[in-house]
Amino acid sequence: MITFVLMVNRQGQTRLCRYYQSINMSRRTSLEANIVHTCLSRSRDQCSFVEYQELKVVFRQYAALYIAVGITEDENELSIYELVQNFVEVLDKYFSRLLAWQIMFNLERVHIILDEMIQNGRIVETNKSNILAPLNALDKMADG
């Protein structure tokens with residue numbers, strides 16, 4: 001099961017966080033800080049799977065952004081690794097080119113994309129067209 005999704009920049013600033021299990025705020029802060037520190041301190045030739053307390057963390061770097069996904073022991077790391085790749089491809093397709101500032105100024109749209117892909121900590125959709133359908137409909141309505 002997926003427990004959280006984090007997106008941070010190279011300075012360690014959180015750009016997006018979504019939790020699928022209830023975690024109190026003080027634990028969230030320390031969890032994010034520790035995971036960000038762990039991901040940022042690893043070199044490119046090290047594995048992208050890290051164990052942190054009772055969780056496994058799968059992370060990938062895309063330009064100046066790091067995406068980290070916390071999972072339980074029963075989840076497949078490689079499927080989550082591919083999910084992260086798919087998530088970035090969907091974002092790239094929607095925004096034409098994924099940049100950190102687009103995440104900050106379009107956070108609600110990024111959350112819609114993430115919600116189309118993951119619900120209650122489970123992967124529910126991977127087809128890019130199906131994921132983007134609600135946003136395309138919203139954009140058409142906004143254009144009139």
# chains A, B, ... in the order shown; residues from 1 in each chain; ligands from 1
>>> residues_around(residues="segment 13-30 of chain A", least_positions_apart="3", cutoff="9 Å", atoms="only C-alpha atoms", output="ChimeraX atom specification")
/A:1-10,33-36,65,100,103-104,107,110-111,114,119-121
>>> select_by_dssp(residues="chain A", states="strand (DSSP E or B)", output="PyMOL selection string")
chain A and resi 2-9+14-19+49-52+55-62+65-71+118-119+122-123
>>> closest_residue(among="A:Val58, A:Leu40, A:Ala142, A:Ala64", to="Trp101 of chain A", atoms="only C-alpha atoms")
A:Ala64
>>> atom_distance(atom1="atom CA of Val84 of chain A", atom2="atom CA of Tyr66 of chain A")
10.1 Å
>>> closest_residue(among="A:Thr72, A:Asp139, A:Arg122, A:Ile67", to="Tyr94 of chain A", atoms="only C-alpha atoms")
A:Asp139
>>> residues_around(residues="Tyr81 of chain A", least_positions_apart="4", cutoff="8 Å", atoms="only C-alpha atoms", output="mmCIF file with N, CA and C atoms, in the first residue's frame")
data_model
loop_
_atom_site.group_PDB
_atom_site.id
_atom_site.type_symbol
_atom_site.label_atom_id
_atom_site.label_comp_id
_atom_site.auth_asym_id
_atom_site.auth_seq_id
_atom_site.Cartn_x
_atom_site.Cartn_y
_atom_site.Cartn_z
ATOM 1 N N VAL A 58 10.585 4.643 -2.265
ATOM 2 C CA VAL A 58 11.034 4.593 -3.648
ATOM 3 C C VAL A 58 11.084 6.033 -4.136
ATOM 4 N N PHE A 59 12.234 6.434 -4.683
ATOM 5 C CA PHE A 59 12.328 7.818 -5.154
ATOM 6 C C PHE A 59 13.023 7.892 -6.500
ATOM 7 N N ARG A 60 12.708 8.950 -7.219
ATOM 8 C CA ARG A 60 13.335 9.238 -8.509
ATOM 9 C C ARG A 60 13.577 10.728 -8.602
ATOM 10 N N GLU A 77 8.330 -2.673 -5.205
ATOM 11 C CA GLU A 77 9.115 -1.457 -5.419
ATOM 12 C C GLU A 77 9.198 -1.078 -6.897
ATOM 13 N N GLN A 85 7.426 7.144 -12.741
ATOM 14 C CA GLN A 85 7.752 7.499 -14.127
ATOM 15 C C GLN A 85 6.482 7.892 -14.879
#
>>> residues_around(residues="Arg109 of chain A", least_positions_apart="5", cutoff="10 Å", atoms="only C-alpha atoms", output="PyMOL selection string")
chain A and resi 91+94+102-103+114-115+132+134-135+138
>>> residues_around(residues="Lys128 of chain A", least_positions_apart="2", cutoff="8 Å", atoms="only C-alpha atoms", output="list in words")
Asn86, Val90, Thr126, Asn130, Ile131 and Leu132 of chain A
>>> decode(residues="chain A", atoms="C-alpha atoms", output="compact mmCIF listing (two decimals), in the first residue's frame")
# COMPACT_ATOMS: atom_id res chain seq x y z
CA MET A 1 0.00 0.00 0.00
CA ILE A 2 1.17 3.51 -0.74
CA THR A 3 1.37 5.60 2.43
CA PHE A 4 2.54 8.92 0.99
CA VAL A 5 3.78 10.76 -2.09
CA LEU A 6 6.25 13.63 -1.73
CA MET A 7 7.63 15.97 -4.34
CA VAL A 8 10.55 18.17 -3.25
CA ASN A 9 13.09 20.40 -4.95
CA ARG A 10 16.87 20.23 -4.59
CA GLN A 11 16.76 22.65 -1.67
CA GLY A 12 14.54 20.22 0.21
CA GLN A 13 11.40 22.36 -0.03
CA THR A 14 8.21 20.32 -0.28
CA ARG A 15 6.24 21.11 -3.42
CA LEU A 16 3.58 18.43 -3.03
CA CYS A 17 2.62 15.97 -0.32
CA ARG A 18 -0.24 13.52 -0.20
CA TYR A 19 -0.75 11.08 2.66
CA TYR A 20 -2.92 7.99 2.37
CA GLN A 21 -2.66 7.06 6.04
CA SER A 22 -3.35 9.25 9.01
CA ILE A 23 -0.09 10.62 10.40
CA ASN A 24 0.03 13.40 12.99
CA MET A 25 1.62 16.69 11.97
CA SER A 26 4.76 16.45 14.12
CA ARG A 27 5.56 13.00 12.71
CA ARG A 28 4.90 14.25 9.18
CA THR A 29 7.42 17.03 9.61
CA SER A 30 10.17 14.74 10.87
CA LEU A 31 9.28 12.05 8.31
CA GLU A 32 9.52 14.52 5.42
CA ALA A 33 12.76 16.03 6.71
CA ASN A 34 14.43 12.65 7.15
CA ILE A 35 13.27 11.26 3.83
CA VAL A 36 14.25 14.40 1.95
CA HIS A 37 17.68 14.35 3.57
CA THR A 38 18.11 10.66 2.70
CA CYS A 39 17.06 11.12 -0.94
CA LEU A 40 19.12 14.27 -1.51
CA SER A 41 22.24 12.75 0.02
CA ARG A 42 22.27 9.67 -2.25
CA SER A 43 24.37 9.68 -5.40
CA ARG A 44 23.07 8.78 -8.85
CA ASP A 45 24.74 5.36 -8.79
CA GLN A 46 23.04 4.30 -5.55
CA CYS A 47 19.78 2.39 -5.40
CA SER A 48 16.51 4.34 -5.46
CA PHE A 49 14.92 2.10 -2.83
CA VAL A 50 15.52 3.00 0.82
CA GLU A 51 14.19 1.51 4.03
CA TYR A 52 12.99 4.05 6.55
CA GLN A 53 11.60 2.82 9.86
CA GLU A 54 8.70 0.47 8.98
CA LEU A 55 8.42 1.80 5.40
CA LYS A 56 10.19 1.38 2.12
CA VAL A 57 10.76 4.56 0.13
CA VAL A 58 11.03 4.59 -3.65
CA PHE A 59 12.33 7.82 -5.15
CA ARG A 60 13.33 9.24 -8.51
CA GLN A 61 14.94 12.49 -9.55
CA TYR A 62 13.67 14.49 -12.51
CA ALA A 63 15.76 17.59 -13.19
CA ALA A 64 15.41 19.68 -10.02
CA LEU A 65 12.55 17.63 -8.53
CA TYR A 66 12.61 14.51 -6.41
CA ILE A 67 9.54 12.33 -6.08
CA ALA A 68 9.47 9.97 -3.11
CA VAL A 69 6.77 7.38 -2.47
CA GLY A 70 6.45 5.61 0.87
CA ILE A 71 5.14 2.06 0.68
CA THR A 72 4.47 -0.83 3.01
CA GLU A 73 6.35 -4.12 2.91
CA ASP A 74 3.74 -5.85 0.74
CA GLU A 75 4.06 -3.38 -2.16
CA ASN A 76 6.31 -4.03 -5.17
CA GLU A 77 9.11 -1.46 -5.42
CA LEU A 78 9.50 -1.77 -9.19
CA SER A 79 5.81 -1.15 -9.84
CA ILE A 80 6.01 2.01 -7.72
CA TYR A 81 9.17 3.06 -9.56
CA GLU A 82 7.22 2.76 -12.82
CA LEU A 83 4.25 4.57 -11.28
CA VAL A 84 6.51 7.54 -10.52
CA GLN A 85 7.75 7.50 -14.13
CA ASN A 86 4.16 7.40 -15.38
CA PHE A 87 3.17 10.25 -13.03
CA VAL A 88 5.96 12.43 -14.42
CA GLU A 89 5.03 11.55 -18.00
CA VAL A 90 1.41 12.54 -17.34
CA LEU A 91 2.52 15.83 -15.76
CA ASP A 92 4.88 16.44 -18.67
CA LYS A 93 2.09 15.75 -21.17
CA TYR A 94 -0.36 18.06 -19.42
CA PHE A 95 2.03 20.96 -18.78
CA SER A 96 3.96 20.46 -22.07
CA ARG A 97 7.16 20.53 -20.03
CA LEU A 98 7.33 19.84 -16.29
CA LEU A 99 8.96 22.64 -14.31
CA ALA A 100 9.04 23.16 -10.53
CA TRP A 101 7.16 26.47 -10.67
CA GLN A 102 4.29 24.80 -12.56
CA ILE A 103 3.77 22.46 -9.62
CA MET A 104 3.53 25.39 -7.20
CA PHE A 105 1.10 27.44 -9.32
CA ASN A 106 -1.04 24.50 -10.46
CA LEU A 107 -1.12 22.43 -7.29
CA GLU A 108 -4.84 21.64 -7.55
CA ARG A 109 -4.33 20.20 -11.04
CA VAL A 110 -1.38 18.09 -9.89
CA HIS A 111 -3.55 16.75 -7.05
CA ILE A 112 -6.29 15.87 -9.54
CA ILE A 113 -3.78 13.91 -11.61
CA LEU A 114 -2.47 12.13 -8.53
CA ASP A 115 -6.01 11.36 -7.36
CA GLU A 116 -6.86 9.86 -10.74
CA MET A 117 -3.84 7.55 -10.41
CA ILE A 118 -3.95 6.64 -6.71
CA GLN A 119 -6.95 6.28 -4.42
CA ASN A 120 -6.80 5.14 -0.81
CA GLY A 121 -3.16 4.17 -1.26
CA ARG A 122 -3.81 1.86 -4.23
CA ILE A 123 -2.99 2.36 -7.89
CA VAL A 124 -6.27 2.64 -9.81
CA GLU A 125 -5.28 4.08 -13.19
CA THR A 126 -2.17 4.16 -15.36
CA ASN A 127 -3.57 5.09 -18.79
CA LYS A 128 -2.45 8.65 -19.54
CA SER A 129 -5.56 9.56 -21.55
CA ASN A 130 -7.90 8.33 -18.82
CA ILE A 131 -5.92 10.20 -16.17
CA LEU A 132 -6.04 13.48 -18.10
CA ALA A 133 -9.71 13.19 -19.16
CA PRO A 134 -11.14 15.08 -16.11
CA LEU A 135 -8.61 17.91 -16.50
CA ASN A 136 -9.25 18.18 -20.22
CA ALA A 137 -12.98 18.40 -19.48
CA LEU A 138 -12.36 21.14 -16.88
CA ASP A 139 -10.19 23.04 -19.33
CA LYS A 140 -12.87 22.84 -22.04
CA MET A 141 -15.49 24.15 -19.61
CA ALA A 142 -13.21 27.01 -18.57
CA ASP A 143 -12.58 27.95 -22.20
CA GLY A 144 -16.30 28.11 -22.78
